[in-house]
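Trainee: Attaching a single structure in structure tokens format; questions to follow.
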Amino acid sequence: MNLPSFAPRCDLFCRVIDNYGDIGICWRLARQLLAEKGCGVRIFVDDLAAFIRLCPEATQSAAQVCGGVEIHRWDERLSGSGAVEAADLVIAAFGCALPPPVLEAMAARARTGTAPCWINLEYLTAESWIGECHGLPSPHPGLPLSCHFFFPGFDERSGGLLREHDLPQRRAAFDRAAWWRGIGAEPPEEGIAVSLFAYENPALPGLLRAWEESPVPIVGLVPESRLFASLAGHMGHAPRVGEVWRRGALSLRFLPFVRQEEYDWLLWACELNFVRGEDSLVRALWAEKPCVWQIYPQEAGAHYGKLEAFLARYTVGLSPDAAASLRDLSAYWNSPGGGETAWQNFSGHLPALTTHARDWARKQAMQADLATALIAFARQRR
Ligand code: TRH
């Protein structure tokens, strides 16, 4: 691959708030900035345990190199002056406050006329208001620096979605049958294979009952997650990785948590994916399969607007009935109560939803990806 001539040195700062999404997005972006943009990349992260789950060769070492990316523990060492030389592109993930010595180092560069491009990488949302805010500067009150809001999103007025250039080729080359044999099973000949990555969810028992009573077999693939504990209540014992549990039409297979690159394989192997945060959502969209998003709950139900905004964009081009079936199942999964028929109705529309998932993703993939948009943004501010 010809690497671009503008390849800024990049630093990503990440505080792990919850689960794997915060570091997951930073790690995915870092790998792409290195591989496709030729950038030297460092990640500063405060929770190496979360990172090790995504990249099992990593250790608790305070400084290490993983896949060509420098990984540094974000700890008190970053509070000392001169701790870090400022990079050209400094990305604060999800509004995290940078350590004062890092800001000082950035300001020192600014005073010599080579200010770094400072980005606040925001959470993904499909809401249209981000178009007004994407790229806006926010001047630092005391230093000659401005932070720029950078919003991932679904249209040209946003920073786009994370997507590697070779993703379609890798997806096309995926050997689904071999993957299923690798987990000790044959690819299901009939019925529906569903992956289930979720937080604890009061809607779970109702969904499992609907699957148990399904007229076609349902194979649920459950990667190790907080859901294991919730499933124990339904199954009567705590699930173990490697176990297969059956009741009625449902069989559940419990899988290990895999390195980040391999999570795609699970999505590609299934007909439908239940996904968690914004990173697994975006991967499920690029899998070109229908998906159901369990959105992160926010105060005063703010997440419902976010979910609705996503569904409004995603369902364009679907028949009203198929769109309603996805809306109903999403509503059930995110705020259970009623909705007992949501699964039956949804499963009847699965063929239409599957065609739609492919068409929607191919159209969406015409937008510039997030890493490309970031580099273009930094170049303009050079
Ligand atoms: O881990 P999440 O629940 O993280 C969430 C998000 O960051 C969310 O936006 C934020 O608001 C909240 O935390 C605080 O879900 P997400 O974003 O889907 O990230 C999961 C990551 O884990 C993703 O990079 C895929 C990865 N993964 C693996 O690498 N292997 C696995 O086996 C599985 C199941 C996931």
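Just remember, in the structure tokens the first chain shown is A, the second B, etc., residues are 1-based per chain, and ligands are 1-based in the order shown.
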What residues of the protein or nucleic acid chains come within 6 Å of ligand 1 when you use only C-alpha atoms and all ligand atoms? Reply as a short mmCIF file (atom, residue, chain, number, x, y, z; two decimals) with N, CA and C atoms, in the first residue's frame.

Mentor:
```cif
data_model
loop_
_atom_site.label_atom_id
_atom_site.label_comp_id
_atom_site.auth_asym_id
_atom_site.auth_seq_id
_atom_site.Cartn_x
_atom_site.Cartn_y
_atom_site.Cartn_z
N ILE A 17 -14.26 3.76 31.01
CA ILE A 17 -15.41 4.07 31.87
C ILE A 17 -16.16 2.79 32.20
N ASP A 18 -16.32 1.96 31.20
CA ASP A 18 -17.19 0.83 31.39
C ASP A 18 -16.91 -0.21 30.31
N ASN A 19 -16.78 -1.45 30.71
CA ASN A 19 -16.68 -2.55 29.74
C ASN A 19 -15.50 -2.34 28.79
N TYR A 20 -15.69 -2.59 27.49
CA TYR A 20 -14.55 -2.62 26.55
C TYR A 20 -14.62 -1.57 25.44
N GLY A 21 -15.73 -0.85 25.35
CA GLY A 21 -15.93 0.02 24.19
C GLY A 21 -14.97 1.19 24.12
N ASP A 22 -14.65 1.78 25.27
CA ASP A 22 -13.79 2.96 25.24
C ASP A 22 -12.41 2.60 24.68
N GLY A 24 -11.77 -0.19 23.23
CA GLY A 24 -11.98 -0.91 21.96
C GLY A 24 -11.92 0.03 20.77
N ILE A 25 -12.55 1.17 20.90
CA ILE A 25 -12.56 2.15 19.80
C ILE A 25 -11.16 2.73 19.61
N LEU A 54 -8.81 -7.41 24.81
CA LEU A 54 -8.93 -7.18 23.36
C LEU A 54 -7.67 -7.61 22.62
N PHE A 197 -24.29 -10.46 22.53
CA PHE A 197 -23.31 -9.74 23.36
C PHE A 197 -24.10 -8.62 24.01
N PRO A 223 -20.79 -14.92 23.64
CA PRO A 223 -19.41 -14.72 24.09
C PRO A 223 -19.40 -14.34 25.56
N PHE A 257 -14.34 -15.03 25.22
CA PHE A 257 -14.15 -13.66 24.72
C PHE A 257 -12.92 -13.72 23.82
N VAL A 258 -13.02 -13.25 22.60
CA VAL A 258 -11.90 -13.38 21.66
C VAL A 258 -11.20 -12.04 21.43
N ARG A 259 -10.00 -12.09 20.85
CA ARG A 259 -9.29 -10.85 20.55
C ARG A 259 -10.14 -10.01 19.59
N GLN A 260 -9.89 -8.71 19.57
CA GLN A 260 -10.82 -7.82 18.87
C GLN A 260 -11.00 -8.18 17.40
N TYR A 263 -13.67 -10.87 16.81
CA TYR A 263 -15.09 -10.63 17.11
C TYR A 263 -15.89 -10.50 15.81
N ARG A 276 -23.79 -4.59 21.71
CA ARG A 276 -23.77 -3.80 22.94
C ARG A 276 -23.54 -2.32 22.64
N GLY A 277 -22.29 -1.89 22.74
CA GLY A 277 -22.01 -0.46 22.62
C GLY A 277 -21.79 -0.05 21.18
N GLU A 278 -21.21 1.13 21.02
CA GLU A 278 -21.12 1.66 19.66
C GLU A 278 -20.12 0.90 18.79
N ASP A 279 -19.08 0.32 19.39
CA ASP A 279 -18.11 -0.38 18.54
C ASP A 279 -18.71 -1.68 17.99
N SER A 280 -19.36 -2.47 18.86
CA SER A 280 -19.95 -3.71 18.33
C SER A 280 -21.10 -3.38 17.37
N TYR A 296 -26.48 2.13 25.55
CA TYR A 296 -26.06 2.43 26.93
C TYR A 296 -27.11 3.33 27.59
#
```

Trainee: For Leu266 in chain A, please output as a PyMOL selection string all residues within 10 Å (counting only C-alpha atoms; exclusion window: fewer than 5 positions along the same chain).

Mentor: chain A and resi 176+179-180+194-196+221-223+255+258+273+284+287

Trainee: Rounded to one decimal place, report the CA of Glu288 in chain A-CA of Ala323 in chain A distance in Å.

Mentor: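 Going from CA of Glu288 in chain A over to CA of Ala323 in chain A covers 16.3 Å.
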
Trainee: Show me a table, sorted first by chain and then by increasing residue number, of the residues of range 147-222 of chain A having an atom at most 12 Å from range 340-362 of chain A, each with its shortest atom pair and the distance in Å to one decimal, counting only C-alpha atoms and written as CSV.

Mentor:
```
residue,atom,partner,partner_atom,distance
A:Phe154,CA,A:Ala361,CA,10.9
A:Leu161,CA,A:Ala361,CA,11.3
A:Arg163,CA,A:Ala361,CA,11.1
A:Leu167,CA,A:Arg362,CA,11.8
A:Pro168,CA,A:Arg362,CA,9.7
A:Gly191,CA,A:Ser347,CA,10.3
A:Ile192,CA,A:Ser347,CA,9.0
A:Ala193,CA,A:Ser347,CA,11.8
A:Val194,CA,A:Ser347,CA,11.5
A:Ala203,CA,A:Glu340,CA,9.9
A:Leu204,CA,A:Glu340,CA,11.5
A:Pro205,CA,A:Glu340,CA,10.8
A:Gly206,CA,A:Glu340,CA,7.0
A:Leu207,CA,A:Trp343,CA,7.2
A:Leu208,CA,A:Trp343,CA,9.9
A:Arg209,CA,A:Glu340,CA,9.5
A:Ala210,CA,A:Trp343,CA,6.7
A:Trp211,CA,A:Trp343,CA,8.1
A:Glu212,CA,A:Trp343,CA,11.4
A:Glu213,CA,A:Gln344,CA,9.8
A:Ser214,CA,A:Gln344,CA,7.9
A:Pro215,CA,A:Gln344,CA,9.5
A:Val216,CA,A:Ser347,CA,10.0
A:Pro217,CA,A:Ser347,CA,11.9
A:Ile218,CA,A:Ser347,CA,10.8
```

Trainee: CA of Ser81 in chain A and CA of Met106 in chain A are how many Å apart?

Mentor: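 If I compute the distance from CA of Ser81 in chain A to CA of Met106 in chain A, I get 12.1 Å.
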
Trainee: Report as a list in words: the residues of range 38-86 of chain A with a DSSP assignment of strand (DSSP E), based on the backbone of this structure.

Mentor: Val41, Arg42, Ile43, Phe44, Val45, Ala63, Gln64, Val65, Cys66, Val69, Glu70, Ile71, His72 and Arg73 of chain A

Trainee: Excluding Arg15 in chain A and residues on its chain fewer than 4 positions from it, collect all residues at most 12 Å away from it, counting only C-alpha atoms, and give them as a ChimeraX atom specification.

Mentor: /A:19-26,43-48,50-51,73-75,91-99

Trainee: Quick one: write out the picked residues with N, CA, C and O atoms as a short mmCIF file (atom, residue, chain, number, x, y, z; two decimals), in the first residue's frame?

Mentor:
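File again-v1.cif, as written:
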```cif
data_model
loop_
_atom_site.label_atom_id
_atom_site.label_comp_id
_atom_site.auth_asym_id
_atom_site.auth_seq_id
_atom_site.Cartn_x
_atom_site.Cartn_y
_atom_site.Cartn_z
N ASN A 19 -16.78 -1.45 30.71
CA ASN A 19 -16.68 -2.55 29.74
C ASN A 19 -15.50 -2.34 28.79
O ASN A 19 -14.43 -1.89 29.20
N TYR A 20 -15.69 -2.59 27.49
CA TYR A 20 -14.55 -2.62 26.55
C TYR A 20 -14.62 -1.57 25.44
O TYR A 20 -13.71 -1.46 24.64
N GLY A 21 -15.73 -0.85 25.35
CA GLY A 21 -15.93 0.02 24.19
C GLY A 21 -14.97 1.19 24.12
O GLY A 21 -14.50 1.55 23.03
N ASP A 22 -14.65 1.78 25.27
CA ASP A 22 -13.79 2.96 25.24
C ASP A 22 -12.41 2.60 24.68
O ASP A 22 -11.94 3.21 23.71
N ILE A 23 -11.80 1.58 25.26
CA ILE A 23 -10.48 1.18 24.77
C ILE A 23 -10.63 0.45 23.43
O ILE A 23 -9.74 0.53 22.57
N GLY A 24 -11.77 -0.19 23.23
CA GLY A 24 -11.98 -0.91 21.96
C GLY A 24 -11.92 0.03 20.77
O GLY A 24 -11.32 -0.26 19.74
N ILE A 25 -12.55 1.17 20.90
CA ILE A 25 -12.56 2.15 19.80
C ILE A 25 -11.16 2.73 19.61
O ILE A 25 -10.68 2.86 18.48
N CYS A 26 -10.48 3.03 20.71
CA CYS A 26 -9.12 3.59 20.59
C CYS A 26 -8.18 2.58 19.93
O CYS A 26 -7.37 2.94 19.06
N ILE A 43 -0.97 4.86 22.56
CA ILE A 43 -2.22 4.91 23.35
C ILE A 43 -1.82 5.04 24.82
O ILE A 43 -0.95 4.31 25.29
N PHE A 44 -2.45 5.96 25.52
CA PHE A 44 -2.29 6.09 26.97
C PHE A 44 -3.62 5.65 27.58
O PHE A 44 -4.65 6.30 27.34
N VAL A 45 -3.61 4.57 28.33
CA VAL A 45 -4.87 4.02 28.84
C VAL A 45 -4.74 3.72 30.34
O VAL A 45 -3.69 3.26 30.79
N ASP A 46 -5.83 3.99 31.06
CA ASP A 46 -5.73 3.84 32.52
C ASP A 46 -6.09 2.44 33.01
O ASP A 46 -6.01 2.17 34.19
N ASP A 47 -6.56 1.56 32.11
CA ASP A 47 -6.98 0.23 32.55
C ASP A 47 -6.43 -0.80 31.56
O ASP A 47 -7.06 -1.11 30.55
N LEU A 48 -5.25 -1.33 31.91
CA LEU A 48 -4.64 -2.28 30.97
C LEU A 48 -5.38 -3.61 30.96
O LEU A 48 -5.35 -4.33 29.96
N ALA A 50 -8.54 -4.15 30.75
CA ALA A 50 -9.54 -4.12 29.68
C ALA A 50 -8.85 -4.28 28.33
O ALA A 50 -9.33 -5.00 27.44
N PHE A 51 -7.70 -3.63 28.17
CA PHE A 51 -6.98 -3.73 26.90
C PHE A 51 -6.50 -5.16 26.64
O PHE A 51 -6.58 -5.65 25.51
N ARG A 73 0.70 2.86 30.12
CA ARG A 73 -0.29 2.97 31.20
C ARG A 73 -0.42 4.45 31.57
O ARG A 73 0.57 5.14 31.77
N TRP A 74 -1.66 4.93 31.63
CA TRP A 74 -1.93 6.31 32.02
C TRP A 74 -1.98 6.33 33.56
O TRP A 74 -2.97 5.93 34.15
N ASP A 75 -0.85 6.72 34.16
CA ASP A 75 -0.78 6.73 35.62
C ASP A 75 -0.06 7.99 36.07
O ASP A 75 0.11 8.94 35.29
N ILE A 91 -5.52 12.95 20.51
CA ILE A 91 -6.94 12.58 20.54
C ILE A 91 -7.32 12.22 21.98
O ILE A 91 -6.78 11.26 22.54
N ALA A 92 -8.24 13.00 22.54
CA ALA A 92 -8.78 12.70 23.87
C ALA A 92 -10.08 11.95 23.63
O ALA A 92 -11.03 12.52 23.08
N ALA A 93 -10.11 10.69 24.01
CA ALA A 93 -11.31 9.90 23.71
C ALA A 93 -12.42 10.24 24.69
O ALA A 93 -12.22 10.26 25.90
N PHE A 94 -13.58 10.51 24.15
CA PHE A 94 -14.82 10.67 24.91
C PHE A 94 -14.70 11.73 26.01
O PHE A 94 -15.12 11.51 27.15
N GLY A 95 -14.10 12.84 25.65
CA GLY A 95 -14.07 13.99 26.54
C GLY A 95 -13.14 13.85 27.73
O GLY A 95 -13.28 14.62 28.69
N CYS A 96 -12.21 12.91 27.71
CA CYS A 96 -11.36 12.77 28.90
C CYS A 96 -10.42 13.98 28.99
O CYS A 96 -9.98 14.52 27.97
N ALA A 97 -10.17 14.42 30.21
CA ALA A 97 -9.29 15.59 30.44
C ALA A 97 -7.84 15.13 30.32
O ALA A 97 -7.44 14.15 30.94
N LEU A 98 -7.06 15.87 29.55
CA LEU A 98 -5.65 15.50 29.38
C LEU A 98 -4.85 15.89 30.62
O LEU A 98 -5.17 16.89 31.27
N PRO A 99 -3.78 15.14 30.92
CA PRO A 99 -2.95 15.51 32.07
C PRO A 99 -2.33 16.89 31.83
O PRO A 99 -1.86 17.18 30.71
#
```

Trainee: Can you list every residue in range 192-341 of chain A that DSSP puts in alpha helix (DSSP H), as JSON, numbers by chain?

Mentor: {"A": [204, 205, 206, 207, 208, 209, 210, 211, 212, 227, 228, 229, 230, 231, 232, 233, 234, 235, 260, 261, 262, 263, 264, 265, 266, 267, 268, 269, 278, 279, 280, 281, 282, 283, 284, 285, 286, 302, 303, 304, 305, 306, 307, 308, 309, 310, 311, 312, 313, 314, 320, 321, 322, 323, 324, 325, 326, 327, 328, 329, 330, 331, 332, 333, 334]}

Trainee: Can I get the selected residues back with C-alpha atoms, as a PDB file, in the first residue's frame?

Mentor:
```pdb
ATOM      1  CA  LEU A 204     -33.583 -11.589  28.419  1.00  0.00           C
ATOM      2  CA  PRO A 205     -35.947 -14.224  29.907  1.00  0.00           C
ATOM      3  CA  GLY A 206     -38.766 -13.187  27.567  1.00  0.00           C
ATOM      4  CA  LEU A 207     -36.502 -13.368  24.532  1.00  0.00           C
ATOM      5  CA  LEU A 208     -35.170 -16.776  25.577  1.00  0.00           C
ATOM      6  CA  ARG A 209     -38.712 -18.088  26.034  1.00  0.00           C
ATOM      7  CA  ALA A 210     -39.635 -16.854  22.550  1.00  0.00           C
ATOM      8  CA  TRP A 211     -36.591 -18.640  21.140  1.00  0.00           C
ATOM      9  CA  GLU A 212     -37.396 -21.848  23.044  1.00  0.00           C
ATOM     10  CA  LEU A 227     -24.651 -11.760  30.405  1.00  0.00           C
ATOM     11  CA  PHE A 228     -23.316 -15.084  31.689  1.00  0.00           C
ATOM     12  CA  ALA A 229     -24.424 -14.167  35.223  1.00  0.00           C
ATOM     13  CA  SER A 230     -27.938 -13.241  34.021  1.00  0.00           C
ATOM     14  CA  LEU A 231     -28.236 -16.469  32.072  1.00  0.00           C
ATOM     15  CA  ALA A 232     -27.512 -18.477  35.193  1.00  0.00           C
ATOM     16  CA  GLY A 233     -30.928 -17.461  36.563  1.00  0.00           C
ATOM     17  CA  HIS A 234     -32.713 -18.787  33.480  1.00  0.00           C
ATOM     18  CA  MET A 235     -30.653 -21.944  33.077  1.00  0.00           C
ATOM     19  CA  GLN A 260     -10.818  -7.819  18.871  1.00  0.00           C
ATOM     20  CA  GLU A 261     -10.023  -8.834  15.288  1.00  0.00           C
ATOM     21  CA  GLU A 262     -11.859 -12.154  15.816  1.00  0.00           C
ATOM     22  CA  TYR A 263     -15.092 -10.635  17.111  1.00  0.00           C
ATOM     23  CA  ASP A 264     -15.927  -9.841  13.471  1.00  0.00           C
ATOM     24  CA  TRP A 265     -15.870 -13.556  12.693  1.00  0.00           C
ATOM     25  CA  LEU A 266     -18.639 -14.202  15.205  1.00  0.00           C
ATOM     26  CA  LEU A 267     -20.759 -11.485  13.591  1.00  0.00           C
ATOM     27  CA  TRP A 268     -20.074 -12.800  10.097  1.00  0.00           C
ATOM     28  CA  ALA A 269     -20.950 -16.370  11.162  1.00  0.00           C
ATOM     29  CA  GLU A 278     -21.118   1.656  19.661  1.00  0.00           C
ATOM     30  CA  ASP A 279     -18.115  -0.382  18.540  1.00  0.00           C
ATOM     31  CA  SER A 280     -19.951  -3.709  18.331  1.00  0.00           C
ATOM     32  CA  LEU A 281     -22.863  -1.888  16.656  1.00  0.00           C
ATOM     33  CA  VAL A 282     -20.646  -0.518  13.905  1.00  0.00           C
ATOM     34  CA  ARG A 283     -18.986  -3.907  13.391  1.00  0.00           C
ATOM     35  CA  ALA A 284     -22.423  -5.526  13.117  1.00  0.00           C
ATOM     36  CA  LEU A 285     -23.459  -2.949  10.510  1.00  0.00           C
ATOM     37  CA  TRP A 286     -20.352  -3.710   8.453  1.00  0.00           C
ATOM     38  CA  ALA A 302     -31.765  10.327  26.768  1.00  0.00           C
ATOM     39  CA  HIS A 303     -30.663   7.110  25.092  1.00  0.00           C
ATOM     40  CA  TYR A 304     -34.116   6.499  23.605  1.00  0.00           C
ATOM     41  CA  GLY A 305     -33.678   9.549  21.367  1.00  0.00           C
ATOM     42  CA  LYS A 306     -30.299   8.205  20.287  1.00  0.00           C
ATOM     43  CA  LEU A 307     -31.757   4.795  19.502  1.00  0.00           C
ATOM     44  CA  GLU A 308     -34.655   6.341  17.583  1.00  0.00           C
ATOM     45  CA  ALA A 309     -32.271   8.565  15.602  1.00  0.00           C
ATOM     46  CA  PHE A 310     -30.246   5.516  14.611  1.00  0.00           C
ATOM     47  CA  LEU A 311     -33.324   3.516  13.636  1.00  0.00           C
ATOM     48  CA  ALA A 312     -34.680   6.444  11.626  1.00  0.00           C
ATOM     49  CA  ARG A 313     -31.522   6.443   9.513  1.00  0.00           C
ATOM     50  CA  TYR A 314     -31.176   2.686   9.384  1.00  0.00           C
ATOM     51  CA  PRO A 320     -43.033  -0.051   6.950  1.00  0.00           C
ATOM     52  CA  ASP A 321     -43.835  -3.490   8.425  1.00  0.00           C
ATOM     53  CA  ALA A 322     -40.229  -4.683   8.468  1.00  0.00           C
ATOM     54  CA  ALA A 323     -39.081  -1.342   9.910  1.00  0.00           C
ATOM     55  CA  ALA A 324     -41.759  -1.570  12.607  1.00  0.00           C
ATOM     56  CA  SER A 325     -40.653  -5.103  13.499  1.00  0.00           C
ATOM     57  CA  LEU A 326     -37.079  -3.909  14.066  1.00  0.00           C
ATOM     58  CA  ARG A 327     -38.316  -0.921  16.065  1.00  0.00           C
ATOM     59  CA  ASP A 328     -40.495  -3.134  18.245  1.00  0.00           C
ATOM     60  CA  LEU A 329     -37.750  -5.658  18.972  1.00  0.00           C
ATOM     61  CA  SER A 330     -35.283  -2.825  19.694  1.00  0.00           C
ATOM     62  CA  ALA A 331     -37.811  -1.212  22.039  1.00  0.00           C
ATOM     63  CA  TYR A 332     -38.364  -4.535  23.791  1.00  0.00           C
ATOM     64  CA  TRP A 333     -34.617  -5.178  24.185  1.00  0.00           C
ATOM     65  CA  ASN A 334     -34.009  -1.691  25.551  1.00  0.00           C
TER      66      ASN A 334
END
```

Trainee: I need the residue nearest Pro101 in chain A from this list: A:Glu36, A:Glu271, A:Asp369, A:Glu76. Use only C-alpha atoms for the distance.

Mentor: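 Looking only at the distances to Pro101 in chain A, the closest residue turns out to be A:Glu76.
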
Trainee: Please list as a PyMOL selection string every residue within 9 Å of Ser138 in chain A, counting only C-alpha atoms and excluding residues in the same chain fewer than 4 positions away.

Mentor: chain A and resi 145-149

Trainee: Tell me which protein, DNA and RNA residues are within 8 Å of Ala105 in chain A, counting only C-alpha atoms, leaving out same-chain ones fewer than 4 positions away, and put them as an NGL selection string.

Mentor: :A and (82 or 84-86 or 101 or 109)

Trainee: For the residues selected in the previous step, produce a file with all heavy atoms as a JSON list (two decimals), in the first residue's frame.

Mentor:
```json
[["chain", "number", "residue", "atom", "x", "y", "z"],
["A", 82, "GLY", "N", 7.45, 17.29, 31.65],
["A", 82, "GLY", "CA", 8.35, 16.67, 30.67],
["A", 82, "GLY", "C", 8.06, 15.19, 30.47],
["A", 82, "GLY", "O", 8.85, 14.46, 29.88],
["A", 84, "VAL", "N", 5.84, 13.69, 28.68],
["A", 84, "VAL", "CA", 5.46, 13.32, 27.32],
["A", 84, "VAL", "C", 5.79, 14.45, 26.37],
["A", 84, "VAL", "O", 5.50, 15.61, 26.64],
["A", 84, "VAL", "CB", 3.94, 13.03, 27.27],
["A", 84, "VAL", "CG1", 3.46, 12.91, 25.85],
["A", 84, "VAL", "CG2", 3.61, 11.77, 28.04],
["A", 85, "GLU", "N", 6.36, 14.06, 25.26],
["A", 85, "GLU", "CA", 6.57, 15.05, 24.18],
["A", 85, "GLU", "C", 5.28, 15.09, 23.37],
["A", 85, "GLU", "O", 4.73, 14.02, 23.04],
["A", 85, "GLU", "CB", 7.71, 14.52, 23.32],
["A", 85, "GLU", "CG", 8.41, 15.55, 22.49],
["A", 85, "GLU", "CD", 9.46, 14.85, 21.65],
["A", 85, "GLU", "OE1", 10.25, 14.08, 22.22],
["A", 85, "GLU", "OE2", 9.42, 15.05, 20.43],
["A", 86, "ALA", "N", 4.77, 16.26, 23.08],
["A", 86, "ALA", "CA", 3.46, 16.33, 22.42],
["A", 86, "ALA", "C", 3.52, 15.80, 20.98],
["A", 86, "ALA", "O", 4.46, 16.09, 20.24],
["A", 86, "ALA", "CB", 2.96, 17.77, 22.42],
["A", 101, "PRO", "N", 0.61, 18.23, 32.35],
["A", 101, "PRO", "CA", 1.92, 18.30, 31.67],
["A", 101, "PRO", "C", 1.81, 18.04, 30.16],
["A", 101, "PRO", "O", 2.60, 18.58, 29.38],
["A", 101, "PRO", "CB", 2.74, 17.21, 32.35],
["A", 101, "PRO", "CG", 2.08, 16.99, 33.66],
["A", 101, "PRO", "CD", 0.62, 17.21, 33.42],
["A", 109, "ARG", "N", 4.53, 23.67, 22.03],
["A", 109, "ARG", "CA", 4.59, 23.54, 20.57],
["A", 109, "ARG", "C", 3.81, 24.68, 19.90],
["A", 109, "ARG", "O", 4.25, 25.24, 18.90],
["A", 109, "ARG", "CB", 4.01, 22.20, 20.12],
["A", 109, "ARG", "CG", 4.97, 21.03, 20.26],
["A", 109, "ARG", "CD", 4.46, 19.82, 19.54],
["A", 109, "ARG", "NE", 4.21, 20.06, 18.11],
["A", 109, "ARG", "CZ", 4.09, 19.11, 17.20],
["A", 109, "ARG", "NH1", 4.19, 17.84, 17.56],
["A", 109, "ARG", "NH2", 3.87, 19.40, 15.94]]
```

Trainee: Which residues are near range 379-382 of chain A? Cut-off 12 Å, only C-alpha atoms, ignore same chain within fewer than 5 positions. Put them as a tab-separated table (two decimals) with N, CA, C and O atoms, in the first residue's frame.

Mentor:
```tsv
chain	number	residue	atom	x	y	z
A	4	PRO	N	0.28	7.60	2.76
A	4	PRO	CA	0.11	9.01	2.44
A	4	PRO	C	1.30	9.84	2.92
A	4	PRO	O	2.00	9.44	3.85
A	5	SER	N	1.50	11.00	2.29
A	5	SER	CA	2.65	11.83	2.65
A	5	SER	C	2.44	12.51	4.00
A	5	SER	O	3.39	12.80	4.71
A	6	PHE	N	1.19	12.77	4.38
A	6	PHE	CA	0.93	13.41	5.67
A	6	PHE	C	0.60	12.31	6.69
A	6	PHE	O	-0.47	11.71	6.65
A	7	ALA	N	1.56	12.02	7.54
A	7	ALA	CA	1.38	10.93	8.51
A	7	ALA	C	1.75	11.46	9.90
A	7	ALA	O	2.86	11.25	10.39
A	8	PRO	N	0.82	12.20	10.52
A	8	PRO	CA	1.14	12.81	11.82
A	8	PRO	C	1.40	11.76	12.90
A	8	PRO	O	0.83	10.67	12.86
A	88	ASP	N	1.70	15.22	17.03
A	88	ASP	CA	1.11	16.17	16.06
A	88	ASP	C	-0.42	16.17	16.16
A	88	ASP	O	-1.08	17.18	15.96
A	89	LEU	N	-0.96	14.98	16.43
A	89	LEU	CA	-2.42	14.82	16.54
A	89	LEU	C	-2.68	14.19	17.91
A	89	LEU	O	-2.20	13.08	18.19
A	110	ALA	N	2.65	24.97	20.47
A	110	ALA	CA	1.83	26.05	19.88
A	110	ALA	C	2.60	27.36	19.86
A	110	ALA	O	2.51	28.13	18.90
A	113	GLY	N	4.68	27.82	16.94
A	113	GLY	CA	3.98	27.80	15.65
A	113	GLY	C	3.68	26.42	15.11
A	113	GLY	O	3.29	26.26	13.96
A	114	THR	N	3.85	25.37	15.93
A	114	THR	CA	3.55	24.01	15.45
A	114	THR	C	2.55	23.35	16.41
A	114	THR	O	2.79	22.26	16.92
A	115	ALA	N	1.46	24.06	16.65
A	115	ALA	CA	0.45	23.52	17.57
A	115	ALA	C	-0.05	22.17	17.10
A	115	ALA	O	-0.35	22.00	15.91
A	116	PRO	N	-0.17	21.22	18.01
A	116	PRO	CA	-0.77	19.94	17.61
A	116	PRO	C	-2.25	20.13	17.30
A	116	PRO	O	-2.86	21.09	17.77
A	117	CYS	N	-2.80	19.25	16.51
A	117	CYS	CA	-4.26	19.24	16.31
A	117	CYS	C	-4.84	18.43	17.47
A	117	CYS	O	-4.51	17.26	17.65
A	118	TRP	N	-5.66	19.08	18.26
A	118	TRP	CA	-6.21	18.47	19.49
A	118	TRP	C	-7.69	18.15	19.24
A	118	TRP	O	-8.48	19.04	18.93
A	119	ILE	N	-8.00	16.88	19.40
A	119	ILE	CA	-9.35	16.38	19.07
A	119	ILE	C	-10.02	15.83	20.32
A	119	ILE	O	-9.38	15.07	21.07
A	135	GLY	N	-16.46	19.39	14.48
A	135	GLY	CA	-15.32	20.19	14.03
A	135	GLY	C	-15.16	21.52	14.74
A	135	GLY	O	-14.17	22.21	14.53
A	137	PRO	N	-14.20	24.40	17.31
A	137	PRO	CA	-13.12	24.52	18.29
A	137	PRO	C	-13.63	24.98	19.65
A	137	PRO	O	-14.62	25.69	19.74
A	146	SER	N	-6.67	25.03	21.16
A	146	SER	CA	-8.12	24.77	21.01
A	146	SER	C	-8.34	23.29	20.80
A	146	SER	O	-7.62	22.65	20.04
A	147	CYS	N	-9.34	22.79	21.51
A	147	CYS	CA	-9.74	21.39	21.32
A	147	CYS	C	-10.88	21.38	20.28
A	147	CYS	O	-11.73	22.26	20.31
A	148	HIS	N	-10.88	20.41	19.38
A	148	HIS	CA	-11.95	20.35	18.37
A	148	HIS	C	-12.86	19.15	18.63
A	148	HIS	O	-12.37	18.03	18.81
A	372	THR	N	-9.79	8.31	8.08
A	372	THR	CA	-9.51	9.17	6.93
A	372	THR	C	-9.99	10.60	7.22
A	372	THR	O	-9.29	11.57	6.94
A	373	ALA	N	-11.18	10.71	7.80
A	373	ALA	CA	-11.72	12.05	8.10
A	373	ALA	C	-10.85	12.76	9.15
A	373	ALA	O	-10.62	13.96	9.05
A	374	LEU	N	-10.36	12.02	10.12
A	374	LEU	CA	-9.51	12.62	11.15
A	374	LEU	C	-8.21	13.17	10.55
A	374	LEU	O	-7.79	14.28	10.87
```

Trainee: Of the residues A:Gln298, A:Val275, A:Asp175, A:Gly131, which is the one nearest to Gly159 in chain A, using only C-alpha atoms?

Mentor: A:Gly131
